[in-house]
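For reference, structure-v7.pdb is printed below; it contains PDB, C-alpha atoms, pLDDT in the B column.
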ATOM      1  CA  MET A  32     -13.972  -7.315  16.303  1.00 61.00           C
ATOM      2  CA  PRO A  33     -12.491 -10.676  17.413  1.00 72.00           C
ATOM      3  CA  SER A  34      -9.791 -10.657  20.083  1.00 77.00           C
ATOM      4  CA  GLU A  35      -6.121 -11.270  19.300  1.00 77.00           C
ATOM      5  CA  GLU A  36      -6.489 -14.810  20.664  1.00 78.00           C
ATOM      6  CA  ILE A  37      -9.441 -15.546  18.412  1.00 77.00           C
ATOM      7  CA  ARG A  38      -7.663 -14.092  15.362  1.00 73.00           C
ATOM      8  CA  ALA A  39      -4.642 -16.282  16.148  1.00 72.00           C
ATOM      9  CA  LEU A  40      -6.810 -19.395  16.355  1.00 68.00           C
ATOM     10  CA  MET A  41      -8.563 -18.509  13.104  1.00 69.00           C
ATOM     11  CA  SER A  42      -5.205 -18.352  11.340  1.00 66.00           C
ATOM     12  CA  ALA A  43      -3.894 -21.510  13.013  1.00 57.00           C
ATOM     13  CA  PRO A  44      -4.218 -23.662   9.857  1.00 54.00           C
ATOM     14  CA  GLY A  45      -1.823 -21.201   8.204  1.00 58.00           C
ATOM     15  CA  ASN A  46      -1.765 -19.952   4.652  1.00 62.00           C
ATOM     16  CA  ASP A  47      -0.822 -23.278   3.093  1.00 70.00           C
ATOM     17  CA  ARG A  48      -3.899 -23.191   0.853  1.00 76.00           C
ATOM     18  CA  LEU A  49      -2.993 -19.759  -0.494  1.00 87.00           C
ATOM     19  CA  THR A  50      -0.632 -19.296  -3.404  1.00 92.00           C
ATOM     20  CA  TRP A  51      -0.436 -15.585  -2.583  1.00 92.00           C
ATOM     21  CA  ASN A  52      -1.977 -13.554   0.194  1.00 92.00           C
ATOM     22  CA  THR A  53      -4.040 -11.363  -2.109  1.00 96.00           C
ATOM     23  CA  PRO A  54      -7.004 -11.865  -4.491  1.00 97.00           C
ATOM     24  CA  LEU A  55      -5.082 -12.973  -7.568  1.00 98.00           C
ATOM     25  CA  SER A  56      -5.488 -15.733 -10.147  1.00 97.00           C
ATOM     26  CA  GLU A  57      -2.741 -17.581 -11.994  1.00 97.00           C
ATOM     27  CA  GLU A  58      -3.712 -15.897 -15.274  1.00 98.00           C
ATOM     28  CA  HIS A  59      -3.735 -12.448 -13.684  1.00 98.00           C
ATOM     29  CA  ALA A  60      -0.370 -13.051 -12.018  1.00 98.00           C
ATOM     30  CA  GLY A  61       1.114 -14.070 -15.341  1.00 98.00           C
ATOM     31  CA  ARG A  62      -0.037 -10.837 -16.939  1.00 98.00           C
ATOM     32  CA  LEU A  63       1.486  -8.807 -14.107  1.00 98.00           C
ATOM     33  CA  ILE A  64       4.818 -10.589 -14.457  1.00 98.00           C
ATOM     34  CA  ALA A  65       4.795 -10.057 -18.233  1.00 98.00           C
ATOM     35  CA  ALA A  66       4.045  -6.342 -17.797  1.00 98.00           C
ATOM     36  CA  CYS A  67       6.883  -5.970 -15.274  1.00 98.00           C
ATOM     37  CA  GLU A  68       9.298  -7.425 -17.852  1.00 96.00           C
ATOM     38  CA  PRO A  69      12.074  -8.400 -15.434  1.00 97.00           C
ATOM     39  CA  ALA A  70      15.301  -8.497 -17.433  1.00 97.00           C
ATOM     40  CA  PRO A  71      18.113 -11.031 -17.060  1.00 97.00           C
ATOM     41  CA  GLY A  72      20.242 -10.089 -14.066  1.00 98.00           C
ATOM     42  CA  ALA A  73      17.582  -7.778 -12.615  1.00 98.00           C
ATOM     43  CA  ARG A  74      17.520  -6.862  -8.930  1.00 98.00           C
ATOM     44  CA  VAL A  75      14.011  -7.235  -7.515  1.00 98.00           C
ATOM     45  CA  ALA A  76      12.640  -6.289  -4.093  1.00 98.00           C
ATOM     46  CA  ASP A  77       9.231  -7.081  -2.629  1.00 98.00           C
ATOM     47  CA  PHE A  78       8.189  -4.913   0.316  1.00 98.00           C
ATOM     48  CA  GLY A  79       5.785  -6.943   2.441  1.00 97.00           C
ATOM     49  CA  SER A  80       6.593 -10.074   0.452  1.00 97.00           C
ATOM     50  CA  GLY A  81       4.898 -12.643   2.668  1.00 94.00           C
ATOM     51  CA  TRP A  82       6.364 -16.006   1.652  1.00 95.00           C
ATOM     52  CA  GLY A  83       7.573 -14.491  -1.619  1.00 97.00           C
ATOM     53  CA  GLU A  84       5.597 -16.440  -4.217  1.00 97.00           C
ATOM     54  CA  LEU A  85       5.306 -13.509  -6.631  1.00 98.00           C
ATOM     55  CA  LEU A  86       8.905 -12.491  -5.928  1.00 98.00           C
ATOM     56  CA  MET A  87      10.140 -15.972  -6.799  1.00 98.00           C
ATOM     57  CA  ARG A  88       8.118 -16.081  -9.996  1.00 98.00           C
ATOM     58  CA  LEU A  89       9.578 -12.745 -11.066  1.00 98.00           C
ATOM     59  CA  VAL A  90      13.090 -14.046 -10.365  1.00 98.00           C
ATOM     60  CA  GLU A  91      12.360 -17.279 -12.229  1.00 98.00           C
ATOM     61  CA  ALA A  92      11.236 -15.222 -15.237  1.00 97.00           C
ATOM     62  CA  ALA A  93      14.623 -13.491 -15.521  1.00 97.00           C
ATOM     63  CA  PRO A  94      17.793 -15.610 -15.706  1.00 97.00           C
ATOM     64  CA  GLY A  95      20.481 -14.427 -13.300  1.00 97.00           C
ATOM     65  CA  SER A  96      18.149 -12.107 -11.422  1.00 98.00           C
ATOM     66  CA  THR A  97      18.021 -11.863  -7.638  1.00 98.00           C
ATOM     67  CA  GLY A  98      15.248 -11.011  -5.201  1.00 98.00           C
ATOM     68  CA  ASP A  99      14.982  -9.490  -1.735  1.00 98.00           C
ATOM     69  CA  GLY A 100      11.827 -10.189   0.267  1.00 98.00           C
ATOM     70  CA  ILE A 101      11.141  -7.732   3.075  1.00 98.00           C
ATOM     71  CA  GLU A 102       8.761  -9.334   5.580  1.00 97.00           C
ATOM     72  CA  THR A 103       8.271  -9.222   9.368  1.00 95.00           C
ATOM     73  CA  ASP A 104       6.142 -12.378   9.776  1.00 91.00           C
ATOM     74  CA  PRO A 105       8.565 -15.161  10.786  1.00 92.00           C
ATOM     75  CA  GLU A 106       6.162 -17.924   9.713  1.00 89.00           C
ATOM     76  CA  ALA A 107       5.860 -16.416   6.235  1.00 91.00           C
ATOM     77  CA  VAL A 108       9.634 -16.050   6.008  1.00 95.00           C
ATOM     78  CA  ALA A 109      10.124 -19.673   7.059  1.00 93.00           C
ATOM     79  CA  ARG A 110       7.733 -20.813   4.351  1.00 93.00           C
ATOM     80  CA  GLY A 111       9.492 -18.574   1.821  1.00 96.00           C
ATOM     81  CA  LEU A 112      12.918 -19.992   2.663  1.00 97.00           C
ATOM     82  CA  ARG A 113      11.559 -23.520   2.300  1.00 96.00           C
ATOM     83  CA  LEU A 114       9.961 -22.727  -1.065  1.00 96.00           C
ATOM     84  CA  ALA A 115      13.161 -21.074  -2.309  1.00 98.00           C
ATOM     85  CA  ARG A 116      15.165 -24.192  -1.435  1.00 98.00           C
ATOM     86  CA  GLU A 117      12.629 -26.491  -3.083  1.00 97.00           C
ATOM     87  CA  ARG A 118      12.720 -24.421  -6.281  1.00 97.00           C
ATOM     88  CA  GLY A 119      16.491 -24.087  -6.442  1.00 97.00           C
ATOM     89  CA  LEU A 120      16.392 -20.371  -5.649  1.00 98.00           C
ATOM     90  CA  ALA A 121      18.109 -20.365  -2.254  1.00 97.00           C
ATOM     91  CA  ASP A 122      21.127 -18.510  -3.658  1.00 97.00           C
ATOM     92  CA  ARG A 123      19.005 -15.955  -5.550  1.00 98.00           C
ATOM     93  CA  VAL A 124      16.173 -15.075  -3.157  1.00 98.00           C
ATOM     94  CA  ARG A 125      16.827 -13.660   0.309  1.00 98.00           C
ATOM     95  CA  PHE A 126      14.471 -12.550   3.057  1.00 98.00           C
ATOM     96  CA  HIS A 127      14.953  -9.650   5.461  1.00 98.00           C
ATOM     97  CA  GLU A 128      12.885  -9.624   8.648  1.00 97.00           C
ATOM     98  CA  VAL A 129      12.614  -5.851   8.963  1.00 96.00           C
ATOM     99  CA  PRO A 130       9.650  -3.470   8.551  1.00 96.00           C
ATOM    100  CA  ALA A 131       9.180  -2.350   4.949  1.00 96.00           C
ATOM    101  CA  ALA A 132       9.513   1.328   5.899  1.00 95.00           C
ATOM    102  CA  GLU A 133      12.915   0.645   7.504  1.00 95.00           C
ATOM    103  CA  TYR A 134      14.541  -1.349   4.718  1.00 96.00           C
ATOM    104  CA  PRO A 135      17.436   0.693   3.269  1.00 92.00           C
ATOM    105  CA  GLY A 136      17.723  -0.850  -0.205  1.00 89.00           C
ATOM    106  CA  ASP A 137      17.785   1.215  -3.403  1.00 93.00           C
ATOM    107  CA  GLY A 138      18.834   0.986  -7.040  1.00 97.00           C
ATOM    108  CA  TYR A 139      16.502  -1.909  -7.790  1.00 98.00           C
ATOM    109  CA  ASP A 140      15.326  -2.646 -11.314  1.00 98.00           C
ATOM    110  CA  LEU A 141      11.879  -3.675 -10.058  1.00 98.00           C
ATOM    111  CA  VAL A 142      10.167  -3.148  -6.724  1.00 98.00           C
ATOM    112  CA  VAL A 143       6.903  -4.726  -5.609  1.00 98.00           C
ATOM    113  CA  SER A 144       4.462  -3.907  -2.838  1.00 98.00           C
ATOM    114  CA  ILE A 145       0.995  -5.468  -2.717  1.00 98.00           C
ATOM    115  CA  GLY A 146      -1.377  -4.761   0.133  1.00 96.00           C
ATOM    116  CA  SER A 147       1.388  -3.334   2.305  1.00 96.00           C
ATOM    117  CA  SER A 148       0.918   0.434   2.087  1.00 97.00           C
ATOM    118  CA  HIS A 149      -0.063   0.432   5.777  1.00 95.00           C
ATOM    119  CA  ALA A 150       3.583  -0.372   6.571  1.00 96.00           C
ATOM    120  CA  TRP A 151       4.462   3.262   5.926  1.00 97.00           C
ATOM    121  CA  PRO A 152       3.260   5.862   8.484  1.00 95.00           C
ATOM    122  CA  GLY A 153       1.721   8.016   5.766  1.00 93.00           C
ATOM    123  CA  GLY A 154      -0.030   5.133   4.010  1.00 96.00           C
ATOM    124  CA  THR A 155      -0.358   5.007   0.230  1.00 98.00           C
ATOM    125  CA  PRO A 156       1.307   8.343  -0.697  1.00 98.00           C
ATOM    126  CA  GLU A 157       4.359   7.592   1.461  1.00 97.00           C
ATOM    127  CA  ALA A 158       4.531   4.021   0.230  1.00 98.00           C
ATOM    128  CA  LEU A 159       4.615   5.191  -3.390  1.00 98.00           C
ATOM    129  CA  LYS A 160       7.327   7.748  -2.618  1.00 98.00           C
ATOM    130  CA  ALA A 161       9.412   5.094  -0.887  1.00 97.00           C
ATOM    131  CA  LEU A 162       9.036   2.664  -3.763  1.00 98.00           C
ATOM    132  CA  ARG A 163       9.993   5.364  -6.249  1.00 98.00           C
ATOM    133  CA  ALA A 164      13.119   6.044  -4.199  1.00 97.00           C
ATOM    134  CA  ALA A 165      14.011   2.343  -4.095  1.00 98.00           C
ATOM    135  CA  VAL A 166      13.929   1.822  -7.872  1.00 98.00           C
ATOM    136  CA  ARG A 167      16.454   3.106 -10.377  1.00 97.00           C
ATOM    137  CA  PRO A 168      15.427   5.637 -13.031  1.00 96.00           C
ATOM    138  CA  GLY A 169      13.740   3.690 -15.813  1.00 96.00           C
ATOM    139  CA  GLY A 170      12.895   0.823 -13.499  1.00 97.00           C
ATOM    140  CA  ARG A 171       9.436  -0.487 -12.707  1.00 98.00           C
ATOM    141  CA  VAL A 172       7.120  -0.690  -9.734  1.00 98.00           C
ATOM    142  CA  LEU A 173       4.314  -3.184  -9.159  1.00 98.00           C
ATOM    143  CA  PHE A 174       1.959  -1.675  -6.601  1.00 98.00           C
ATOM    144  CA  GLY A 175      -1.194  -3.286  -5.259  1.00 98.00           C
ATOM    145  CA  ASP A 176      -3.563  -1.292  -3.087  1.00 98.00           C
ATOM    146  CA  GLY A 177      -7.190  -0.985  -2.115  1.00 98.00           C
ATOM    147  CA  PHE A 178      -9.763   1.423  -3.525  1.00 98.00           C
ATOM    148  CA  TRP A 179     -13.516   1.925  -3.373  1.00 98.00           C
ATOM    149  CA  GLU A 180     -15.284   0.474  -6.400  1.00 98.00           C
ATOM    150  CA  ARG A 181     -18.379   2.348  -5.249  1.00 97.00           C
ATOM    151  CA  GLU A 182     -19.335   4.499  -2.294  1.00 97.00           C
ATOM    152  CA  PRO A 183     -19.149   2.243   0.765  1.00 97.00           C
ATOM    153  CA  SER A 184     -22.347   1.469   2.632  1.00 97.00           C
ATOM    154  CA  ALA A 185     -22.564   1.338   6.395  1.00 97.00           C
ATOM    155  CA  ALA A 186     -22.544  -2.470   6.151  1.00 96.00           C
ATOM    156  CA  ALA A 187     -19.372  -2.434   4.038  1.00 97.00           C
ATOM    157  CA  LEU A 188     -17.586  -0.138   6.476  1.00 97.00           C
ATOM    158  CA  GLU A 189     -18.690  -2.246   9.435  1.00 95.00           C
ATOM    159  CA  GLY A 190     -17.595  -5.464   7.740  1.00 94.00           C
ATOM    160  CA  LEU A 191     -14.135  -4.052   7.120  1.00 94.00           C
ATOM    161  CA  GLY A 192     -13.824  -2.021  10.295  1.00 93.00           C
ATOM    162  CA  ALA A 193     -13.017   0.881   7.978  1.00 96.00           C
ATOM    163  CA  GLU A 194     -13.736   4.579   7.548  1.00 96.00           C
ATOM    164  CA  PRO A 195     -14.920   6.218   4.300  1.00 97.00           C
ATOM    165  CA  ASP A 196     -11.631   8.050   3.810  1.00 95.00           C
ATOM    166  CA  ASP A 197      -9.476   4.924   4.243  1.00 96.00           C
ATOM    167  CA  PHE A 198      -9.565   4.502   0.454  1.00 97.00           C
ATOM    168  CA  GLY A 199     -10.254   6.653  -2.580  1.00 98.00           C
ATOM    169  CA  SER A 200     -11.348   5.832  -6.117  1.00 98.00           C
ATOM    170  CA  LEU A 201      -9.248   3.938  -8.635  1.00 98.00           C
ATOM    171  CA  LEU A 202      -8.501   7.176 -10.491  1.00 98.00           C
ATOM    172  CA  GLU A 203      -7.387   8.800  -7.250  1.00 98.00           C
ATOM    173  CA  LEU A 204      -4.997   5.902  -6.665  1.00 98.00           C
ATOM    174  CA  ILE A 205      -3.556   6.344 -10.152  1.00 98.00           C
ATOM    175  CA  ARG A 206      -3.141  10.075  -9.535  1.00 98.00           C
ATOM    176  CA  GLN A 207      -1.270   9.347  -6.299  1.00 98.00           C
ATOM    177  CA  ALA A 208       1.167   7.173  -8.235  1.00 98.00           C
ATOM    178  CA  GLU A 209       1.680   9.921 -10.787  1.00 98.00           C
ATOM    179  CA  ALA A 210       2.287  12.449  -8.002  1.00 98.00           C
ATOM    180  CA  ALA A 211       5.089  10.212  -6.729  1.00 98.00           C
ATOM    181  CA  GLY A 212       6.799  10.354 -10.134  1.00 98.00           C
ATOM    182  CA  LEU A 213       5.485   7.043 -11.466  1.00 98.00           C
ATOM    183  CA  ARG A 214       3.700   6.567 -14.792  1.00 98.00           C
ATOM    184  CA  PRO A 215       1.067   3.816 -15.190  1.00 98.00           C
ATOM    185  CA  LEU A 216       1.857   1.217 -17.827  1.00 98.00           C
ATOM    186  CA  GLN A 217      -0.883  -1.253 -16.907  1.00 98.00           C
ATOM    187  CA  VAL A 218      -3.781  -1.025 -14.453  1.00 98.00           C
ATOM    188  CA  THR A 219      -5.892  -4.071 -13.589  1.00 98.00           C
ATOM    189  CA  VAL A 220      -8.153  -4.933 -10.675  1.00 98.00           C
ATOM    190  CA  ALA A 221      -9.027  -8.155  -8.858  1.00 98.00           C
ATOM    191  CA  ASP A 222     -12.295  -9.518 -10.192  1.00 98.00           C
ATOM    192  CA  ARG A 223     -15.181 -10.927  -8.173  1.00 97.00           C
ATOM    193  CA  ARG A 224     -14.069 -14.541  -8.556  1.00 97.00           C
ATOM    194  CA  GLU A 225     -10.560 -13.735  -7.344  1.00 97.00           C
ATOM    195  CA  TRP A 226     -12.047 -12.022  -4.291  1.00 97.00           C
ATOM    196  CA  ASP A 227     -14.460 -14.896  -3.573  1.00 95.00           C
ATOM    197  CA  LEU A 228     -11.727 -17.530  -3.767  1.00 93.00           C
ATOM    198  CA  PHE A 229      -9.411 -15.428  -1.603  1.00 93.00           C
ATOM    199  CA  GLU A 230     -11.985 -14.877   1.127  1.00 91.00           C
ATOM    200  CA  SER A 231     -13.012 -18.550   1.004  1.00 89.00           C
ATOM    201  CA  ALA A 232      -9.425 -19.747   1.382  1.00 86.00           C
ATOM    202  CA  ALA A 233      -8.108 -17.073   3.727  1.00 83.00           C
ATOM    203  CA  ASN A 234     -10.108 -14.924   6.081  1.00 74.00           C
ATOM    204  CA  ILE A 235     -13.264 -17.051   6.241  1.00 86.00           C
ATOM    205  CA  GLY A 236     -11.880 -20.433   5.275  1.00 84.00           C
ATOM    206  CA  ARG A 237      -9.019 -20.609   7.762  1.00 83.00           C
ATOM    207  CA  GLY A 238     -11.352 -20.038  10.702  1.00 85.00           C
ATOM    208  CA  GLU A 239     -13.937 -22.476   9.389  1.00 87.00           C
ATOM    209  CA  ARG A 240     -11.316 -25.189   8.930  1.00 86.00           C
ATOM    210  CA  TRP A 241      -9.995 -24.607  12.443  1.00 85.00           C
ATOM    211  CA  ALA A 242     -13.501 -24.876  13.906  1.00 88.00           C
ATOM    212  CA  LEU A 243     -14.131 -28.139  12.046  1.00 88.00           C
ATOM    213  CA  ALA A 244     -10.865 -29.577  13.327  1.00 87.00           C
ATOM    214  CA  HIS A 245     -11.414 -28.508  16.963  1.00 89.00           C
ATOM    215  CA  PRO A 246     -15.093 -29.152  17.789  1.00 92.00           C
ATOM    216  CA  GLY A 247     -14.461 -29.505  21.531  1.00 91.00           C
ATOM    217  CA  HIS A 248     -12.186 -26.517  22.005  1.00 91.00           C
ATOM    218  CA  PRO A 249     -13.341 -24.058  24.722  1.00 90.00           C
ATOM    219  CA  LEU A 250     -13.192 -21.186  22.214  1.00 88.00           C
ATOM    220  CA  HIS A 251     -14.962 -23.051  19.403  1.00 90.00           C
ATOM    221  CA  ALA A 252     -18.152 -21.004  19.740  1.00 91.00           C
ATOM    222  CA  GLU A 253     -16.256 -17.708  19.705  1.00 90.00           C
ATOM    223  CA  VAL A 254     -14.261 -18.675  16.622  1.00 88.00           C
ATOM    224  CA  THR A 255     -17.439 -19.761  14.839  1.00 90.00           C
ATOM    225  CA  GLU A 256     -19.066 -16.454  15.757  1.00 91.00           C
ATOM    226  CA  ALA A 257     -16.078 -14.542  14.391  1.00 88.00           C
ATOM    227  CA  VAL A 258     -16.171 -16.567  11.148  1.00 89.00           C
ATOM    228  CA  ASP A 259     -19.899 -15.892  10.768  1.00 93.00           C
ATOM    229  CA  ALA A 260     -19.311 -12.176  11.337  1.00 91.00           C
ATOM    230  CA  ARG A 261     -16.588 -12.113   8.689  1.00 90.00           C
ATOM    231  CA  ARG A 262     -18.816 -13.975   6.231  1.00 94.00           C
ATOM    232  CA  THR A 263     -21.644 -11.520   6.879  1.00 95.00           C
ATOM    233  CA  GLY A 264     -19.268  -8.591   6.541  1.00 95.00           C
ATOM    234  CA  TYR A 265     -18.045  -9.826   3.152  1.00 96.00           C
ATOM    235  CA  TYR A 266     -21.172 -11.153   1.454  1.00 96.00           C
ATOM    236  CA  GLY A 267     -23.467  -8.631   3.105  1.00 96.00           C
ATOM    237  CA  GLY A 268     -21.081  -5.696   3.096  1.00 97.00           C
ATOM    238  CA  TYR A 269     -17.858  -5.040   1.223  1.00 97.00           C
ATOM    239  CA  ARG A 270     -18.117  -7.616  -1.590  1.00 97.00           C
ATOM    240  CA  GLY A 271     -18.091  -5.529  -4.766  1.00 97.00           C
ATOM    241  CA  THR A 272     -17.295  -2.369  -2.815  1.00 98.00           C
ATOM    242  CA  LEU A 273     -13.659  -2.819  -1.776  1.00 98.00           C
ATOM    243  CA  GLY A 274     -11.420  -3.242  -4.801  1.00 98.00           C
ATOM    244  CA  LEU A 275      -7.790  -4.254  -5.110  1.00 98.00           C
ATOM    245  CA  ALA A 276      -5.858  -2.606  -7.932  1.00 98.00           C
ATOM    246  CA  TYR A 277      -2.562  -3.780  -9.426  1.00 98.00           C
ATOM    247  CA  LEU A 278      -0.570  -0.932 -10.965  1.00 98.00           C
ATOM    248  CA  VAL A 279       2.478  -1.628 -13.106  1.00 98.00           C
ATOM    249  CA  LEU A 280       4.358   1.659 -13.075  1.00 98.00           C
ATOM    250  CA  SER A 281       7.402   3.114 -14.787  1.00 98.00           C
ATOM    251  CA  ALA A 282       9.851   5.185 -12.767  1.00 94.00           C
TER     252      ALA A 282
END

As structure tokens, please, write out the structure in this file.
Amino acid sequence: MPSEEIRALMSAPGNDRLTWNTPLSEEHAGRLIAACEPAPGARVADFGSGWGELLMRLVEAAPGSTGDGIETDPEAVARGLRLARERGLADRVRFHEVPAAEYPGDGYDLVVSIGSSHAWPGGTPEALKALRAAVRPGGRVLFGDGFWEREPSAAALEGLGAEPDDFGSLLELIRQAEAAGLRPLQVTVADRREWDLFESAANIGRGERWALAHPGHPLHAEVTEAVDARRTGYYGGYRGTLGLAYLVLSA
């Protein structure tokens, strides 16, 4: 695994080429927003919001609604605040730089958490319980989490730095949501093209762009090696094995 310094250099170009920090297309995002059906005046919270792109789109879809983004990355929050100002949402979208598991909000009409279940000590089951507690009865939850599309190979596990029991099947994920008192209204998964574009723009692409821009840097060779390892891990390992599911749930 690359060192913290190498990971920092690989992310140096930032996430400016990403609309959202998850494998998701515009068409897919639109279907998720439609299924969430945010009503006028709704209160929306996104736990692990990043720069809040999906949160802002949900707020824009519902006149008079407001959104709370819960995010600990100061760079993501800064980008989110800038985007909110540019889109005229500064008075409707707020960010809170606290860990998702420590945010005290409740009574929301819609809560969102995508790729952030690790923020809760108990992982996915605890995340779902917390989201259920944060939403009012009759409200909705949009939950995005990983699952195994097929039994992971040794190469897939090595590429991810994962263990076999880190994820379950898609049906097991749905059952976990039901156990938390949430009923699935719509279940979709990121397709191969969404994954390829995400990896190309994010994990692999950021490092590659940094290496191209800094050919004489003392750590250039190490960054290139880390990028090559990530590319091998994806295309030769977890591509088609790790899935990302988007569950629209009713409380």

Take every atom of range 253-260 of chain A listed in the file, pad by 3 Å on each side, and give me the axis-aligned box centre and edge lengths in Å, one decimal, as lines of an AutoDock Vina configuration file.
center_x = -17.1
center_y = -16.0
center_z = 15.2
size_x = 11.6
size_y = 13.6
size_z = 14.9

Resolved residues for the PyMOL selection byres ((chain A and resi 241-244) around 12) as a ChimeraX atom specification:
/A:37-45,233-240,245-259

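Shortest separation to Asp197 in chain A among A:Leu273, A:Val142, A:Ala158, A:Ala260 occurs at residue A:Leu273, atoms counted being all atoms listed in the file.
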
For each of A:Glu194, A:Asp176, A:Glu182, A:Glu35, take the minimum atom-to-atom distance to Val218 in chain A, counting only C-alpha atoms, then give the residue where this is smallest.
A:Asp176

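Restricting the calculation to only C-alpha atoms, the smallest distance between Glu189 in chain A and any of A:Arg113, A:Arg123, A:Arg261, A:Arg88 is found for A:Arg261.
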
Residue nearest Pro130 in chain A - candidates A:Gly98, A:Glu84, A:Leu173, A:Asp77, atoms counted: all atoms listed in the file:
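Counting all atoms listed in the file, the residue closest to Pro130 in chain A is A:Asp77.
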
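Coordinates place CA of Thr53 in chain A at a distance of 18.0 Å from CA of Gly154 in chain A.
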
Can you measure CA of Arg181 in chain A to CA of Gln217 in chain A for me? One decimal in Å is fine.
21.3 Å

Can you translate the PyMOL selection byres ((chain A and resi 207) around 12) into the concrete residues it hits in this file, as a JSON list (two decimals) with C-alpha atoms, in the frame of the given file?
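Result saved to expr_11.json:
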[["chain", "number", "residue", "atom", "x", "y", "z"],
["A", 154, "GLY", "CA", -0.03, 5.13, 4.01],
["A", 155, "THR", "CA", -0.36, 5.01, 0.23],
["A", 156, "PRO", "CA", 1.31, 8.34, -0.70],
["A", 157, "GLU", "CA", 4.36, 7.59, 1.46],
["A", 158, "ALA", "CA", 4.53, 4.02, 0.23],
["A", 159, "LEU", "CA", 4.62, 5.19, -3.39],
["A", 160, "LYS", "CA", 7.33, 7.75, -2.62],
["A", 163, "ARG", "CA", 9.99, 5.36, -6.25],
["A", 174, "PHE", "CA", 1.96, -1.68, -6.60],
["A", 176, "ASP", "CA", -3.56, -1.29, -3.09],
["A", 178, "PHE", "CA", -9.76, 1.42, -3.52],
["A", 198, "PHE", "CA", -9.56, 4.50, 0.45],
["A", 199, "GLY", "CA", -10.25, 6.65, -2.58],
["A", 200, "SER", "CA", -11.35, 5.83, -6.12],
["A", 201, "LEU", "CA", -9.25, 3.94, -8.64],
["A", 202, "LEU", "CA", -8.50, 7.18, -10.49],
["A", 203, "GLU", "CA", -7.39, 8.80, -7.25],
["A", 204, "LEU", "CA", -5.00, 5.90, -6.66],
["A", 205, "ILE", "CA", -3.56, 6.34, -10.15],
["A", 206, "ARG", "CA", -3.14, 10.07, -9.54],
["A", 208, "ALA", "CA", 1.17, 7.17, -8.24],
["A", 209, "GLU", "CA", 1.68, 9.92, -10.79],
["A", 210, "ALA", "CA", 2.29, 12.45, -8.00],
["A", 211, "ALA", "CA", 5.09, 10.21, -6.73],
["A", 212, "GLY", "CA", 6.80, 10.35, -10.13],
["A", 213, "LEU", "CA", 5.48, 7.04, -11.47],
["A", 214, "ARG", "CA", 3.70, 6.57, -14.79],
["A", 215, "PRO", "CA", 1.07, 3.82, -15.19],
["A", 278, "LEU", "CA", -0.57, -0.93, -10.96],
["A", 280, "LEU", "CA", 4.36, 1.66, -13.08]]

Could you pull the residues within 10 Å of Ala121 in chain A, counting only C-alpha atoms, minus those fewer than 5 positions along the same chain, as a list in words?
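Answer for this query is Gly111, Leu112, Arg113, Leu114, Ala115 and Arg116 of chain A.
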
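We find CA of Gly274 in chain A and CA of Leu162 in chain A to be spaced 21.3 Å apart.
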
Residues near range 55-72 of chain A, anyone? I mean within 7 Å using only C-alpha atoms, not counting same-chain ones fewer than 5 positions away, as a ChimeraX atom specification.
/A:89,92-96,171,221,225,279

Check what the PyMOL selection byres ((chain A and resi 168) around 9) selects in the file above and give those residues as a PyMOL selection string.
chain A and resi 138+140+163+166-167+169-171+281-282

Who sits within 6 Å of Val220 in chain A, all atoms listed in the file, same chain under 2 positions skipped, as a ChimeraX atom specification
/A:275-277
